[in-house]
>>> print(open('model-v8.txt').read())   # compact mmCIF, C-alpha atoms
# COMPACT_ATOMS: atom_id res chain seq x y z
CA MET A 2 48.83 3.42 -5.26
CA LYS A 3 46.86 4.05 -8.42
CA SER A 4 45.80 0.42 -8.69
CA ASP A 5 44.56 0.50 -5.08
CA GLU A 6 42.44 3.56 -5.84
CA THR A 7 41.06 1.90 -8.94
CA ALA A 8 40.15 -1.22 -6.97
CA ALA A 9 38.52 0.90 -4.28
CA GLY A 10 36.50 2.79 -6.89
CA ARG A 11 35.41 -0.44 -8.53
CA SER A 12 34.38 -1.83 -5.13
CA GLY A 13 32.39 1.31 -4.41
CA ARG A 14 30.56 0.99 -7.71
CA GLN A 15 29.73 -2.62 -7.00
CA GLN A 16 28.16 -1.63 -3.67
CA ARG A 17 25.90 0.81 -5.52
CA ARG A 18 24.89 -1.60 -8.25
CA LEU A 19 21.31 -2.40 -9.14
CA THR A 20 20.07 -5.93 -9.08
CA ALA A 21 18.46 -7.31 -12.21
CA THR A 22 14.99 -7.15 -10.70
CA GLU A 23 15.05 -4.40 -8.09
CA VAL A 24 16.54 -0.95 -8.61
CA ASP A 25 18.17 -0.62 -5.19
CA LEU A 26 18.90 3.11 -5.14
CA ASP A 27 20.96 4.65 -2.34
CA VAL A 28 21.19 8.27 -1.27
CA VAL A 29 24.10 8.73 -3.73
CA GLN A 30 22.62 8.93 -7.22
CA GLN A 31 23.55 6.17 -9.56
CA LYS A 32 24.80 7.11 -13.00
CA ALA A 33 22.53 5.65 -15.65
CA LEU A 34 22.97 5.09 -19.37
CA LEU A 35 19.68 4.83 -21.27
CA VAL A 36 19.22 2.73 -24.40
CA GLY A 37 16.22 2.87 -26.72
CA THR A 38 15.50 1.28 -30.08
CA ALA A 39 13.82 2.47 -33.27
CA THR A 40 12.58 -0.50 -35.25
CA ASN A 41 10.17 -1.05 -38.12
CA ALA A 42 7.37 -1.03 -35.55
CA ARG A 43 8.55 2.18 -33.84
CA THR A 44 9.63 5.33 -35.62
CA ALA A 45 12.60 7.42 -34.54
CA GLU A 46 10.23 10.11 -33.25
CA LEU A 47 8.31 7.63 -31.10
CA ALA A 48 11.58 6.15 -29.85
CA GLU A 49 12.77 9.63 -28.82
CA ARG A 50 9.55 10.29 -26.91
CA SER A 51 9.70 6.91 -25.22
CA LEU A 52 13.32 7.47 -24.22
CA GLU A 53 12.39 10.88 -22.81
CA GLU A 54 9.78 9.18 -20.65
CA LEU A 55 12.36 6.57 -19.61
CA ALA A 56 14.58 9.44 -18.45
CA LEU A 57 11.72 10.75 -16.30
CA LEU A 58 11.21 7.27 -14.88
CA ALA A 59 14.92 6.98 -14.09
CA ASP A 60 14.84 10.38 -12.39
CA THR A 61 11.81 9.33 -10.34
CA ALA A 62 13.71 6.21 -9.27
CA GLY A 63 16.62 8.40 -8.16
CA ALA A 64 19.15 7.80 -10.94
CA LEU A 65 21.21 10.45 -12.75
CA VAL A 66 21.05 10.03 -16.50
CA VAL A 67 24.50 10.70 -18.01
CA HIS A 68 23.98 9.40 -21.54
CA ARG A 69 21.16 8.41 -23.90
CA GLU A 70 21.40 6.33 -27.04
CA ILE A 71 18.91 5.14 -29.66
CA GLN A 72 19.82 2.18 -31.85
CA ARG A 73 18.04 1.86 -35.18
CA ARG A 74 17.41 -1.75 -36.16
CA SER A 75 14.92 -3.61 -38.29
CA SER A 76 14.39 -6.05 -35.40
CA PRO A 77 15.95 -6.76 -31.97
CA HIS A 78 19.12 -8.85 -31.83
CA PRO A 79 18.27 -12.20 -30.16
CA ALA A 80 21.39 -12.25 -27.95
CA THR A 81 22.09 -8.60 -27.11
CA TYR A 82 18.95 -6.77 -28.34
CA ILE A 83 21.01 -3.98 -29.95
CA GLY A 84 23.76 -5.99 -31.67
CA ARG A 85 27.28 -6.80 -30.56
CA GLY A 86 28.91 -3.83 -32.29
CA LYS A 87 26.60 -1.36 -30.55
CA VAL A 88 27.13 -3.13 -27.26
CA GLN A 89 30.90 -2.69 -27.54
CA GLU A 90 30.46 0.99 -28.43
CA LEU A 91 28.16 1.69 -25.48
CA ALA A 92 30.29 -0.39 -23.10
CA ALA A 93 33.22 1.93 -23.86
CA ILE A 94 31.01 4.98 -23.25
CA GLY A 95 29.73 3.48 -20.01
CA GLU A 96 33.24 2.79 -18.76
CA ALA A 97 34.37 6.32 -19.63
CA LEU A 98 31.39 7.86 -17.79
CA ASP A 99 31.71 5.49 -14.80
CA VAL A 100 28.15 4.26 -15.36
CA ASP A 101 26.54 2.19 -12.58
CA VAL A 102 23.53 0.88 -14.48
CA VAL A 103 22.33 0.56 -18.06
CA ILE A 104 18.56 0.87 -18.51
CA PHE A 105 16.86 -0.44 -21.66
CA ASP A 106 13.57 1.03 -22.82
CA ASP A 107 12.23 -2.39 -23.80
CA GLU A 108 11.77 -5.62 -21.89
CA LEU A 109 14.81 -7.87 -22.13
CA SER A 110 14.84 -11.64 -22.05
CA PRO A 111 16.82 -13.27 -19.22
CA ALA A 112 19.50 -14.37 -21.70
CA GLN A 113 19.82 -10.90 -23.20
CA GLN A 114 20.08 -9.39 -19.75
CA ARG A 115 22.89 -11.77 -18.73
CA ASN A 116 24.81 -11.22 -21.98
CA LEU A 117 24.57 -7.46 -21.66
CA GLU A 118 25.73 -7.46 -18.04
CA VAL A 119 28.83 -9.42 -19.03
CA SER A 120 29.61 -6.85 -21.75
CA PHE A 121 28.81 -3.71 -19.75
CA LYS A 122 30.42 -5.01 -16.54
CA CYS A 123 27.63 -3.37 -14.56
CA ASP A 124 23.97 -4.06 -13.92
CA VAL A 125 21.47 -3.96 -16.77
CA VAL A 126 17.76 -3.48 -16.15
CA ASP A 127 14.83 -2.93 -18.46
CA ARG A 128 11.78 -0.68 -18.41
CA VAL A 129 9.74 -3.27 -16.50
CA ALA A 130 12.25 -3.55 -13.65
CA LEU A 131 12.51 0.24 -13.43
CA ILE A 132 8.74 0.72 -13.14
CA LEU A 133 8.51 -2.09 -10.59
CA ASP A 134 11.11 -0.34 -8.45
CA ILE A 135 9.29 3.00 -8.62
CA PHE A 136 6.09 1.30 -7.50
CA ALA A 137 8.03 -0.34 -4.66
CA GLN A 138 9.30 3.07 -3.52
CA HIS A 139 5.87 4.71 -3.57
CA ALA A 140 3.62 1.97 -2.19
CA THR A 141 2.49 2.85 1.33
CA SER A 142 -0.59 0.75 2.09
CA GLN A 143 -0.42 -2.94 2.98
CA GLU A 144 -2.25 -3.88 -0.19
CA GLY A 145 0.01 -1.71 -2.33
CA MET A 146 3.17 -3.25 -0.89
CA VAL A 147 1.85 -6.80 -1.38
CA GLN A 148 0.88 -5.96 -4.96
CA VAL A 149 4.33 -4.60 -5.78
CA GLU A 150 6.18 -7.50 -4.14
CA LEU A 151 4.04 -10.00 -6.03
CA ALA A 152 4.74 -8.25 -9.33
CA GLN A 153 8.48 -8.19 -8.58
CA LEU A 154 8.59 -11.91 -7.76
CA ARG A 155 6.64 -12.81 -10.91
CA TYR A 156 9.16 -10.81 -12.90
CA ARG A 157 12.12 -12.37 -11.08
CA LEU A 158 11.02 -16.01 -11.41
CA PRO A 159 12.19 -16.60 -15.01
CA ARG A 160 15.39 -14.65 -14.29
CA LEU A 161 16.67 -16.82 -11.46
CA ARG A 162 20.31 -17.78 -11.78
CA GLY A 163 21.50 -20.99 -10.18
CA ARG A 164 24.97 -22.42 -9.67
CA GLY A 165 24.48 -25.22 -12.17
CA HIS A 166 24.93 -28.79 -10.99
CA SER A 167 27.64 -28.01 -8.45
CA LEU A 168 25.12 -28.59 -5.66
CA SER A 169 23.23 -31.40 -7.33
CA GLN A 170 24.99 -34.37 -5.73
CA GLN A 171 22.84 -35.21 -2.72
CA GLY A 172 24.47 -38.32 -1.32
CA SER A 173 26.97 -41.14 -1.85
CA GLY A 174 24.99 -44.20 -0.74
CA ILE A 175 22.93 -46.58 -2.79
CA GLY A 176 19.78 -44.87 -3.98
CA THR A 177 21.08 -41.41 -3.17
CA ARG A 178 23.30 -40.82 -6.18
CA GLY A 179 22.16 -38.81 -9.17
CA PRO A 180 21.54 -35.28 -10.25
CA GLY A 181 19.45 -34.52 -7.18
CA GLU A 182 18.19 -30.95 -6.88
CA THR A 183 20.18 -27.91 -7.99
CA GLN A 184 20.27 -24.69 -6.01
CA LEU A 185 18.38 -23.08 -8.87
CA GLU A 186 15.51 -25.51 -8.38
CA VAL A 187 15.52 -24.89 -4.62
CA ASP A 188 15.41 -21.12 -5.17
CA ARG A 189 12.67 -21.48 -7.76
CA ARG A 190 10.52 -23.58 -5.41
CA ARG A 191 10.96 -21.05 -2.60
CA LEU A 192 10.00 -18.24 -4.94
CA VAL A 193 6.89 -20.08 -6.13
CA ARG A 194 5.82 -20.68 -2.50
CA LYS A 195 6.32 -16.99 -1.74
CA ILE A 196 4.28 -16.01 -4.80
CA GLN A 197 1.46 -18.35 -3.76
CA LYS A 198 1.42 -16.85 -0.25
CA LEU A 199 1.30 -13.30 -1.61
CA GLU A 200 -1.51 -14.28 -3.98
CA ARG A 201 -3.50 -15.59 -0.99
CA ASP A 202 -2.80 -12.40 0.96
CA LEU A 203 -3.84 -10.30 -2.02
CA ARG A 204 -7.09 -12.24 -2.47
CA SER A 205 -7.90 -11.56 1.18
CA LEU A 206 -7.14 -7.85 0.78
CA ALA A 207 -9.09 -7.73 -2.47
CA SER A 208 -12.05 -9.26 -0.66
CA THR A 209 -11.84 -6.48 1.91
CA ARG A 210 -11.73 -3.89 -0.88
CA THR A 211 -14.79 -5.48 -2.50
CA THR A 212 -16.63 -5.29 0.83
CA GLN A 213 -15.71 -1.61 1.08
CA ARG A 214 -17.00 -0.98 -2.44
CA LYS A 215 -20.30 -2.68 -1.57
CA ALA A 216 -20.55 -0.55 1.57
CA ARG A 217 -20.05 2.58 -0.52
CA SER A 218 -22.72 1.35 -2.93
CA ARG A 219 -25.15 0.91 -0.04
CA SER A 220 -24.46 4.49 1.01
CA ALA A 221 -26.47 5.49 -2.10
CA LEU A 222 -23.76 7.95 -3.18
CA THR A 223 -22.87 8.14 -6.85
CA ARG A 224 -19.18 7.43 -7.52
CA ILE A 225 -16.86 8.79 -10.17
CA ALA A 226 -13.12 8.19 -10.71
CA LEU A 227 -10.27 10.14 -12.23
CA VAL A 228 -8.07 8.13 -14.58
CA GLY A 229 -5.23 9.22 -16.80
CA TYR A 230 -1.61 8.94 -17.76
CA THR A 231 0.88 9.26 -14.93
CA ASN A 232 1.71 12.86 -13.99
CA ALA A 233 -1.33 14.22 -15.85
CA GLY A 234 -2.32 16.13 -12.70
CA LYS A 235 -5.14 13.96 -11.38
CA SER A 236 -4.33 14.47 -7.69
CA THR A 237 -4.03 18.25 -8.15
CA LEU A 238 -7.41 18.25 -9.88
CA VAL A 239 -9.01 16.20 -7.09
CA ASN A 240 -7.73 18.76 -4.58
CA ALA A 241 -9.14 21.61 -6.67
CA MET A 242 -12.55 19.93 -7.03
CA THR A 243 -12.99 18.75 -3.44
CA ALA A 244 -10.71 21.03 -1.37
CA ALA A 245 -9.01 17.82 -0.22
CA ASN A 246 -5.36 17.31 0.65
CA VAL A 247 -4.36 14.44 -1.64
CA LEU A 248 -0.59 13.98 -2.00
CA VAL A 249 0.73 15.91 -4.99
CA GLU A 250 4.27 15.45 -6.32
CA ASP A 251 5.83 16.39 -9.66
CA GLN A 252 6.89 12.79 -10.20
CA LEU A 253 5.62 9.80 -12.09
CA PHE A 254 3.46 7.38 -10.09
CA SER A 255 3.23 9.59 -6.97
CA THR A 256 -0.25 8.11 -6.39
CA LEU A 257 -0.47 4.31 -6.08
CA ASP A 258 -3.13 3.76 -3.43
CA PRO A 259 -6.60 5.01 -4.46
CA THR A 260 -8.01 7.85 -2.37
CA THR A 261 -11.70 8.76 -2.23
CA ARG A 262 -13.12 12.19 -1.38
CA ARG A 263 -16.62 13.66 -1.16
CA LEU A 264 -17.76 16.30 -3.64
CA ALA A 265 -20.93 18.40 -3.55
CA LEU A 266 -22.44 18.99 -7.00
CA PRO A 267 -24.06 22.36 -7.88
CA GLY A 268 -27.48 21.10 -6.79
CA GLY A 269 -26.08 20.09 -3.40
CA GLU A 270 -26.12 16.32 -3.92
CA PRO A 271 -22.94 14.62 -2.67
CA ILE A 272 -20.91 12.17 -4.74
CA LEU A 273 -17.65 10.28 -4.15
CA VAL A 274 -14.55 11.07 -6.22
CA SER A 275 -11.69 8.52 -6.42
CA ASP A 276 -8.14 9.33 -7.46
CA THR A 277 -6.45 6.31 -9.05
CA VAL A 278 -2.96 5.18 -10.00
CA GLY A 279 -1.60 6.74 -13.18
CA PHE A 280 -1.08 4.62 -16.27
CA VAL A 281 1.90 4.52 -18.61
CA GLN A 282 2.68 3.15 -22.05
CA ARG A 283 3.69 -0.51 -21.90
CA LEU A 284 2.66 -0.80 -18.25
CA PRO A 285 4.18 -4.12 -17.13
CA HIS A 286 1.72 -7.00 -17.34
CA GLU A 287 2.92 -8.14 -13.90
CA LEU A 288 1.73 -4.84 -12.43
CA VAL A 289 -1.62 -4.89 -14.22
CA GLU A 290 -2.30 -8.35 -12.81
CA ALA A 291 -1.07 -7.54 -9.29
CA PHE A 292 -2.94 -4.20 -9.17
CA ARG A 293 -6.10 -5.60 -10.73
CA SER A 294 -8.24 -5.14 -7.60
CA THR A 295 -6.98 -1.57 -7.22
CA LEU A 296 -7.43 -0.73 -10.89
CA GLU A 297 -10.96 -2.13 -10.79
CA GLU A 298 -11.85 0.91 -8.68
CA ALA A 299 -11.74 2.79 -11.97
CA SER A 300 -14.20 0.48 -13.72
CA ASP A 301 -16.86 0.19 -11.01
CA VAL A 302 -18.09 3.79 -11.16
CA GLU A 303 -20.84 5.77 -12.87
CA LEU A 304 -18.47 8.15 -14.69
CA LEU A 305 -14.78 8.23 -15.60
CA ILE A 306 -13.01 11.59 -15.66
CA HIS A 307 -10.18 10.96 -18.13
CA VAL A 308 -7.52 13.55 -17.32
CA VAL A 309 -5.02 14.36 -20.08
CA ASP A 310 -2.04 16.71 -19.90
CA ALA A 311 -2.97 19.27 -22.57
CA SER A 312 0.66 20.37 -22.89
CA ASP A 313 1.89 16.85 -23.73
CA PRO A 314 3.05 16.56 -27.37
CA ASP A 315 1.62 13.02 -27.65
CA VAL A 316 -1.90 13.31 -26.24
CA GLY A 317 -3.15 10.64 -28.65
CA GLY A 318 -0.64 8.10 -27.39
CA ARG A 319 -1.44 8.96 -23.78
CA ILE A 320 -5.18 8.47 -24.32
CA ALA A 321 -4.59 5.17 -26.12
CA ALA A 322 -2.37 3.89 -23.28
CA VAL A 323 -5.08 4.59 -20.70
CA HIS A 324 -7.75 2.90 -22.81
CA GLN A 325 -5.52 -0.14 -23.25
CA VAL A 326 -5.10 -0.64 -19.49
CA LEU A 327 -8.83 -0.11 -18.89
CA ASN A 328 -9.58 -2.76 -21.49
CA GLU A 329 -7.10 -5.15 -19.82
CA ILE A 330 -8.93 -4.94 -16.49
CA GLY A 331 -12.30 -5.34 -18.17
CA GLY A 332 -13.45 -1.77 -17.57
CA GLY A 333 -13.60 -0.82 -21.23
CA THR A 334 -14.49 2.66 -22.37
CA ARG A 335 -17.86 3.98 -23.53
CA PRO A 336 -18.24 7.57 -24.76
CA GLU A 337 -21.21 8.19 -22.48
CA HIS A 338 -19.23 6.80 -19.54
CA GLU A 339 -16.14 8.98 -20.06
CA LEU A 340 -15.59 12.73 -19.74
CA LEU A 341 -12.36 13.92 -21.36
CA VAL A 342 -10.61 16.71 -19.45
CA TRP A 343 -7.61 18.65 -20.77
CA ASN A 344 -5.64 19.54 -17.65
CA LYS A 345 -2.69 21.98 -17.34
CA GLN A 346 -4.49 24.50 -19.54
CA ASP A 347 -2.10 27.16 -18.26
CA CYS A 348 0.87 25.27 -19.77
CA ALA A 349 -0.69 24.33 -23.12
CA ASP A 350 -0.37 26.19 -26.41
CA PRO A 351 -3.70 28.05 -26.89
CA VAL A 352 -3.92 27.08 -30.58
CA ASP A 353 -3.27 23.39 -29.86
CA LEU A 354 -5.75 23.44 -26.97
CA ALA A 355 -8.46 25.00 -29.13
CA ASP A 356 -7.86 22.28 -31.72
CA LEU A 357 -8.19 19.55 -29.06
CA LEU A 358 -11.49 21.00 -27.85
CA ARG A 359 -12.74 21.21 -31.44
CA ARG A 360 -11.77 17.61 -32.25
CA HIS A 361 -13.26 16.24 -29.02
CA PRO A 362 -16.74 17.77 -28.57
CA GLY A 363 -17.89 17.83 -24.97
CA SER A 364 -14.37 17.84 -23.54
CA ILE A 365 -13.31 20.53 -21.04
CA ALA A 366 -10.10 22.51 -20.52
CA VAL A 367 -9.07 23.07 -16.90
CA SER A 368 -6.09 23.81 -14.71
CA GLY A 369 -6.00 21.99 -11.41
CA LEU A 370 -3.17 24.28 -10.33
CA THR A 371 -4.86 27.65 -10.98
CA GLY A 372 -8.48 26.50 -10.64
CA PHE A 373 -9.40 27.56 -14.18
CA GLY A 374 -12.43 25.67 -15.48
CA VAL A 375 -12.89 23.55 -12.33
CA GLY A 376 -16.38 24.96 -11.74
CA ASP A 377 -17.33 24.12 -15.33
CA LEU A 378 -15.97 20.61 -14.83
CA VAL A 379 -18.09 20.02 -11.71
CA ALA A 380 -21.15 21.32 -13.55
CA ALA A 381 -20.41 19.02 -16.50
CA VAL A 382 -20.07 16.05 -14.13
CA ALA A 383 -23.50 16.84 -12.68
CA MET A 384 -25.01 17.12 -16.16
CA ARG A 385 -23.45 13.86 -17.39
CA LEU A 386 -24.58 11.96 -14.29
CA ARG A 387 -28.12 13.24 -14.65
CA ALA A 388 -28.14 12.36 -18.35
CA GLN A 389 -27.32 8.76 -17.43
CA ALA A 390 -30.04 8.58 -14.82
CA ASP A 391 -33.37 6.80 -15.24
CA VAL A 392 -36.62 8.71 -15.48
CA VAL A 393 -38.97 7.85 -12.60
CA GLU A 394 -42.45 9.05 -11.70
CA LEU A 395 -43.05 10.17 -8.13
CA VAL A 396 -46.03 11.48 -6.17
CA VAL A 397 -45.09 14.05 -3.52
CA PRO A 398 -47.67 15.29 -0.97
CA TYR A 399 -48.05 19.07 -0.67
CA ASP A 400 -46.79 18.99 2.91
CA ARG A 401 -43.45 17.50 1.74
CA GLY A 402 -41.94 20.47 0.02
CA ASP A 403 -38.56 19.36 1.32
CA VAL A 404 -38.80 16.20 -0.80
CA LEU A 405 -39.62 18.22 -3.92
CA ALA A 406 -36.68 20.52 -3.24
CA ALA A 407 -34.38 17.50 -2.83
CA LEU A 408 -35.56 16.14 -6.18
CA TYR A 409 -34.59 19.41 -7.86
CA ARG A 410 -31.19 19.28 -6.17
CA GLU A 411 -30.34 15.65 -6.84
CA GLY A 412 -32.04 15.06 -10.18
CA GLU A 413 -33.49 16.74 -13.22
CA VAL A 414 -37.23 17.37 -12.93
CA LEU A 415 -38.73 16.97 -16.42
CA VAL A 416 -42.45 17.28 -15.70
CA GLU A 417 -44.25 18.72 -12.69
CA VAL A 418 -48.07 18.48 -12.45
CA HIS A 419 -50.11 19.73 -9.50
CA THR A 420 -53.32 17.91 -8.49
CA GLU A 421 -55.75 18.59 -5.67
CA THR A 422 -53.78 16.51 -3.16
CA ASP A 423 -50.21 16.22 -4.36
CA THR A 424 -47.54 17.01 -6.92
CA ARG A 425 -46.75 14.44 -9.60
CA VAL A 426 -43.27 14.66 -11.11
CA GLN A 427 -41.22 12.90 -13.73
CA VAL A 428 -37.60 13.22 -12.69
CA ARG A 429 -34.33 11.93 -14.07
CA LEU A 430 -32.74 10.50 -10.95
CA PRO A 431 -29.38 8.72 -10.47
CA SER A 432 -29.80 5.08 -9.49
CA ALA A 433 -27.87 5.72 -6.26
CA ALA A 434 -30.50 8.28 -5.20
CA GLN A 435 -33.65 6.41 -6.28
CA SER A 436 -33.83 4.28 -3.14
CA ARG A 437 -34.15 7.40 -0.98
CA PHE A 438 -37.34 8.40 -2.82
CA SER A 439 -38.84 4.93 -3.28
CA ALA A 440 -41.65 5.72 -0.79
CA TYR A 441 -43.02 8.28 -3.27
CA ALA A 442 -43.04 6.04 -6.34
CA SER A 443 -46.30 6.22 -8.22
>>> encode(input="model-v8.txt", output="structure tokens")
Amino acid sequence: MKSDETAAGRSGRQQRRLTATEVDLDVVQQKALLVGTATNARTAELAERSLEELALLADTAGALVVHREIQRRSSPHPATYIGRGKVQELAAIGEALDVDVVIFDDELSPAQQRNLEVSFKCDVVDRVALILDIFAQHATSQEGMVQVELAQLRYRLPRLRGRGHSLSQQGSGIGTRGPGETQLEVDRRRLVRKIQKLERDLRSLASTRTTQRKARSRSALTRIALVGYTNAGKSTLVNAMTAANVLVEDQLFSTLDPTTRRLALPGGEPILVSDTVGFVQRLPHELVEAFRSTLEEASDVELLIHVVDASDPDVGGRIAAVHQVLNEIGGGTRPEHELLVWNKQDCADPVDLADLLRRHPGSIAVSGLTGFGVGDLVAAVAMRLRAQADVVELVVPYDRGDVLAALYREGEVLVEVHTETDTRVQVRLPSAAQSRFSAYAS
């Protein structure tokens, strides 16, 4: 009777197992064992922080973390990443805890992944596969779903497992003998065709997005974008700034599809505010490439609002991770193009927050949840946009007081001189607004 129960339990675990490339989570939480490494390139403190983030990622994916382990090595083991002795130790722990999946904090090679699965007798996934699955769960738009599927297939391609040469014999007649084509090669060809199709679909969707961006540019509205590490509170801040209803969840990567809202600056001029996907340390290259057209939303704007969780113990690492992704998509970062915002002011240590503000002149502390500092942020956005604007000279007739009032609202009037017939002004005006006043150019 006991052996039957054991077999039934083992069968149940197998039904809940994760694949090597897609974390197929059911309603019943899977038990996960997390493994991180501290090497010469990563200190124990950094490894602890990274493993803590991996635990948040696992929770977002729906897994229940039952054990964490950090292995200290000078370099990764080529066959098992953490060494055979550590693998045996963790395999015993995993069996005792009835673990369904082992998640590594670093990317594993296909060979390492296969070797580890044999030892653990359950599925083994790495950080890349975990993030890909979270993106797959949260993608809602057509473009988002195509992007995620493409990234998953690119990740899966080198990890295909065939059945050797058992299917390679294609015929018995003259000219038909030989190795033929293995099932692995057939699967690989199908996967490549699928990837090529998704790439075509994505190019078409990206073209549509480019057309939409051009349409927004023709609307003559200045555009800004919020960027930042995942779960920094960007969506909450967008809601506080624009009174919008952007989805807010206390989970990593709750926003994948960019949303754009209208915001009225203190002078009354409207601008467009875009909420973008959150970044993360070691964001999979497959995702950066697949989401390139979406991420480019963050580079094609007049001002970046870089939102940082002020209560995070590693704000420097978070800022560096965001800059790295921006550089990968060609957006880059220029001080005059970026406004640093310390969000979650209500959760941060006052002394640490004061130090951050001192070390980063011009930055602003806010709380998207309570509304603290949001008015100052909007005012700072208006000031930064006006500082970037060109100075133009305009001649406004006396009977067009409405035009003069609009110039004061939408720009910064530097000089105003009254003549017998008109008013001559020098005004710092955003490029998006200049076309509306071109009839009054001197």
>>> residues_near_point(input="model-v8.txt", point="(21.7, -2.6, -20.8)", cutoff="7 Å", atoms="only C-alpha atoms", output="number ranges by chain")
A: 36, 103-105, 117-118, 125-126
>>> atom_distance(input="model-v8.txt", atom1="CA of Phe136 in chain A", atom2="CA of Asn232 in chain A")
14.0 Å
>>> atom_distance(input="model-v8.txt", atom1="CA of Val309 in chain A", atom2="CA of Thr141 in chain A")
25.4 Å
>>> atom_distance(input="model-v8.txt", atom1="CA of Leu327 in chain A", atom2="CA of Val274 in chain A")
17.8 Å
>>> axis_aligned_box(input="model-v8.txt", around="range 45-55 of chain A", padding_each_side="5 Å", output="AutoDock Vina command-line options")
--center_x 10.8 --center_y 8.5 --center_z -27.1 --size_x 15.0 --size_y 14.7 --size_z 24.9
>>> closest_residue(input="model-v8.txt", among="A:Gly372, A:Pro362, A:Gly268, A:Pro398", to="Val426 in chain A", atoms="all atoms listed in the file")
A:Pro398
>>> closest_residue(input="model-v8.txt", among="A:Asp313, A:Asp124, A:Asp101, A:Glu150", to="Asp202 in chain A", atoms="all atoms listed in the file")
A:Glu150
>>> closest_residue(input="model-v8.txt", among="A:Gln72, A:Thr231, A:Ser142, A:Ser120", to="Leu284 in chain A", atoms="all atoms listed in the file")
A:Thr231
>>> closest_residue(input="model-v8.txt", among="A:His286, A:Arg43, A:Arg410, A:Arg128", to="Leu151 in chain A", atoms="only C-alpha atoms")
A:His286
>>> residues_around(input="model-v8.txt", residues="Leu378 in chain A", least_positions_apart="6", cutoff="12 Å", atoms="only C-alpha atoms", output="ChimeraX atom specification")
/A:238-239,241-243,266-267,306-308,340-344,363-369,372,384-385
>>> closest_residue(input="model-v8.txt", among="A:Phe373, A:Tyr82, A:Tyr156, A:Phe280", to="His324 in chain A", atoms="all atoms listed in the file")
A:Phe280
>>> closest_residue(input="model-v8.txt", among="A:Arg74, A:Arg190, A:Arg204, A:Arg359", to="Leu161 in chain A", atoms="all atoms listed in the file")
A:Arg190
>>> residues_near_point(input="model-v8.txt", point="(-1.3, 12.4, -16.1)", cutoff="12 Å", atoms="all atoms listed in the file", output="count of residues only")
46
>>> residues_around(input="model-v8.txt", residues="range 388-395 of chain A", least_positions_apart="4", cutoff="6 Å", atoms="all atoms listed in the file", output="PDB file with C-alpha atoms, in the frame of the given file")
ATOM      1  CA  ARG A 425     -46.750  14.440  -9.600  1.00  0.00           C
ATOM      2  CA  VAL A 426     -43.270  14.660 -11.110  1.00  0.00           C
ATOM      3  CA  GLN A 427     -41.220  12.900 -13.730  1.00  0.00           C
ATOM      4  CA  VAL A 428     -37.600  13.220 -12.690  1.00  0.00           C
ATOM      5  CA  ARG A 429     -34.330  11.930 -14.070  1.00  0.00           C
ATOM      6  CA  LEU A 430     -32.740  10.500 -10.950  1.00  0.00           C
ATOM      7  CA  PRO A 431     -29.380   8.720 -10.470  1.00  0.00           C
ATOM      8  CA  TYR A 441     -43.020   8.280  -3.270  1.00  0.00           C
ATOM      9  CA  ALA A 442     -43.040   6.040  -6.340  1.00  0.00           C
ATOM     10  CA  SER A 443     -46.300   6.220  -8.220  1.00  0.00           C
TER      11      SER A 443
END
>>> residues_around(input="model-v8.txt", residues="Leu203 in chain A", least_positions_apart="4", cutoff="7 Å", atoms="all atoms listed in the file", output="PyMOL selection string")
chain A and resi 144+147+199+207
>>> residues_around(input="model-v8.txt", residues="Ile135 in chain A", least_positions_apart="2", cutoff="8 Å", atoms="all atoms listed in the file", output="list in words")
Leu58, Thr61, Ala62, Leu131, Ile132, Leu133, Ala137, Gln138, His139 and Phe254 of chain A
>>> write_last_selection(input="model-v8.txt", atoms="C-alpha atoms", output="PDB file, keeping the file's coordinate frame")
ATOM      1  CA  LEU A  58      11.210   7.270 -14.880  1.00  0.00           C
ATOM      2  CA  THR A  61      11.810   9.330 -10.340  1.00  0.00           C
ATOM      3  CA  ALA A  62      13.710   6.210  -9.270  1.00  0.00           C
ATOM      4  CA  LEU A 131      12.510   0.240 -13.430  1.00  0.00           C
ATOM      5  CA  ILE A 132       8.740   0.720 -13.140  1.00  0.00           C
ATOM      6  CA  LEU A 133       8.510  -2.090 -10.590  1.00  0.00           C
ATOM      7  CA  ALA A 137       8.030  -0.340  -4.660  1.00  0.00           C
ATOM      8  CA  GLN A 138       9.300   3.070  -3.520  1.00  0.00           C
ATOM      9  CA  HIS A 139       5.870   4.710  -3.570  1.00  0.00           C
ATOM     10  CA  PHE A 254       3.460   7.380 -10.090  1.00  0.00           C
TER      11      PHE A 254
END
